[in-house]
Amino acid sequence: MIVRKSPAEIETMREAGRVTACALAAVGAAVRAGVTTGELDDLAATAIRDAGALPAFKGYHGFPATICASPNSVVVHGIPGRERLVDGDIISVDVGAIVDGYYGDAAFTWPVGEVAPEVARLLEVTRRGLEAGIARCVPGMRLYDISAAVQRVAEGGGFSVVREYVGHGIGRAMHEEPQVPNYGTAGRGPTLQPGMVLAIEPMVNLGGPGVVQAKDGWTVSTADGSPSAHFEHTVAITEDGPVVLTVE
């Protein structure tokens, strides 16, 4: 069942989104060659704690950290630790925060130093795919209008959309209905209505769309070892159009 949020609930989610965005900004400011993914995790944990919020990911189904840190060919759910970033890497970080029982969820992919031109373009196209999806978050449109917009941008750029992992509704739970795929046929799916809040998160691969999961039960990587990018915002659908909640 799709749960629509009241204006008061959306305001609380706006604060959860703000904390999430601040944590992501703290991580982004520290991304450089030599930093470990564990150090990035510590920065996000401190930012969330200092805001009086709770980390959404730590302990979620047993996940051991505050952020998902996914370098290079890791698509999602990478576990932060001792791995050091080096020039030419990319690093995707997904993070969430809880405020008064409501969730915020966002992700960003950064280059580390100078990256190959095709990798830089992967990041740009994935980010534009997110923007295209957000632009479809208008009452009266259909859910798969979002999906088709993301897919059109990603595949139009010559890249592949991950199909096994998708965006989602969000509110008092991190994952609510509906699922929001990054591919599909426009004009299908539930009609978008004011009060719906969605986490839209394109995951786009430089190579093929296939993925594999590691033995740790979390880390998901591209099947062909190609780089992958991940961008995400929590978005409220209002009478006036989309409102991005995961901003500072």
# chains A, B, ... in the order shown; residues from 1 in each chain; ligands from 1
call {"tool": "residues_around", "arguments": {"residues": "Glu177 in chain A", "least_positions_apart": "4", "cutoff": "7 Å", "atoms": "only C-alpha atoms", "output": "number ranges by chain"}}
result
A: 1-2, 168-169
call {"tool": "write_last_selection", "arguments": {"atoms": "N, CA and C atoms", "output": "tab-separated table (two decimals), in the first residue's frame"}}
result
chain	number	residue	atom	x	y	z
A	1	MET	N	0.84	-1.19	0.00
A	1	MET	CA	0.00	0.00	0.00
A	1	MET	C	0.88	1.25	0.00
A	2	ILE	N	0.55	2.20	-0.85
A	2	ILE	CA	1.29	3.45	-0.91
A	2	ILE	C	0.73	4.41	0.14
A	168	HIS	N	12.44	3.59	-4.22
A	168	HIS	CA	11.40	3.10	-3.32
A	168	HIS	C	10.65	4.25	-2.65
A	169	GLY	N	9.46	3.94	-2.16
A	169	GLY	CA	8.79	4.86	-1.27
A	169	GLY	C	9.55	4.94	0.05
call {"tool": "residues_around", "arguments": {"residues": "range 229-238 of chain A", "least_positions_apart": "3", "cutoff": "6 Å", "atoms": "only C-alpha atoms", "output": "number ranges by chain"}}
result
A: 105-109, 123, 137, 194-204, 241-246
call {"tool": "closest_residue", "arguments": {"among": "A:Gly104, A:Gly81, A:Pro117, A:Gly52", "to": "Gly17 in chain A", "atoms": "only C-alpha atoms"}}
result
A:Gly104
call {"tool": "closest_residue", "arguments": {"among": "A:Glu176, A:Glu164, A:Asp100, A:Asp87", "to": "Val211 in chain A", "atoms": "only C-alpha atoms"}}
result
A:Glu164
call {"tool": "closest_residue", "arguments": {"among": "A:Val220, A:Val125, A:Ala16, A:Val212", "to": "Ala69 in chain A", "atoms": "only C-alpha atoms"}}
result
A:Val220
call {"tool": "atom_distance", "arguments": {"atom1": "CA of Thr12 in chain A", "atom2": "CA of Pro55 in chain A"}}
result
15.5 Å
call {"tool": "closest_residue", "arguments": {"among": "A:Ile91, A:Asp145, A:Leu24, A:Lys5", "to": "Ala132 in chain A", "atoms": "only C-alpha atoms"}}
result
A:Asp145
call {"tool": "residues_around", "arguments": {"residues": "Glu248 in chain A", "least_positions_apart": "2", "cutoff": "7 Å", "atoms": "only C-alpha atoms", "output": "MDAnalysis selection string"}}
result
chainID A and resid 18 21:22 246
call {"tool": "write_last_selection", "arguments": {"atoms": "N, CA and C atoms", "output": "PDB file, in the first residue's frame"}}
result
ATOM      1  N   ARG A  18      17.505  17.008   5.430  1.00  0.00           N
ATOM      2  CA  ARG A  18      18.570  17.994   5.639  1.00  0.00           C
ATOM      3  C   ARG A  18      19.757  17.358   6.361  1.00  0.00           C
ATOM      4  N   ALA A  21      21.583  15.173   3.958  1.00  0.00           N
ATOM      5  CA  ALA A  21      22.387  15.971   3.025  1.00  0.00           C
ATOM      6  C   ALA A  21      23.640  16.507   3.694  1.00  0.00           C
ATOM      7  N   CYS A  22      23.546  16.921   4.956  1.00  0.00           N
ATOM      8  CA  CYS A  22      24.722  17.417   5.678  1.00  0.00           C
ATOM      9  C   CYS A  22      25.750  16.314   5.864  1.00  0.00           C
ATOM     10  N   THR A 246      16.227  16.109   0.390  1.00  0.00           N
ATOM     11  CA  THR A 246      17.604  15.830   0.834  1.00  0.00           C
ATOM     12  C   THR A 246      18.549  16.915   0.360  1.00  0.00           C
TER      13      THR A 246
END
call {"tool": "select_by_dssp", "arguments": {"residues": "range 3-245 of chain A", "states": "strand (DSSP E)", "output": "ChimeraX atom specification"}}
result
/A:54-55,67-71,74-76,90-99,102-111,160-161,167-169,176-180,197-200,203-205,211-213,220-222,228-230,233-238,241-244
call {"tool": "closest_residue", "arguments": {"among": "A:Glu9, A:Glu131, A:Asp94, A:Glu155", "to": "Ala44 in chain A", "atoms": "only C-alpha atoms"}}
result
A:Asp94
call {"tool": "atom_distance", "arguments": {"atom1": "CA of Val161 in chain A", "atom2": "CA of Ile79 in chain A"}}
result
22.3 Å
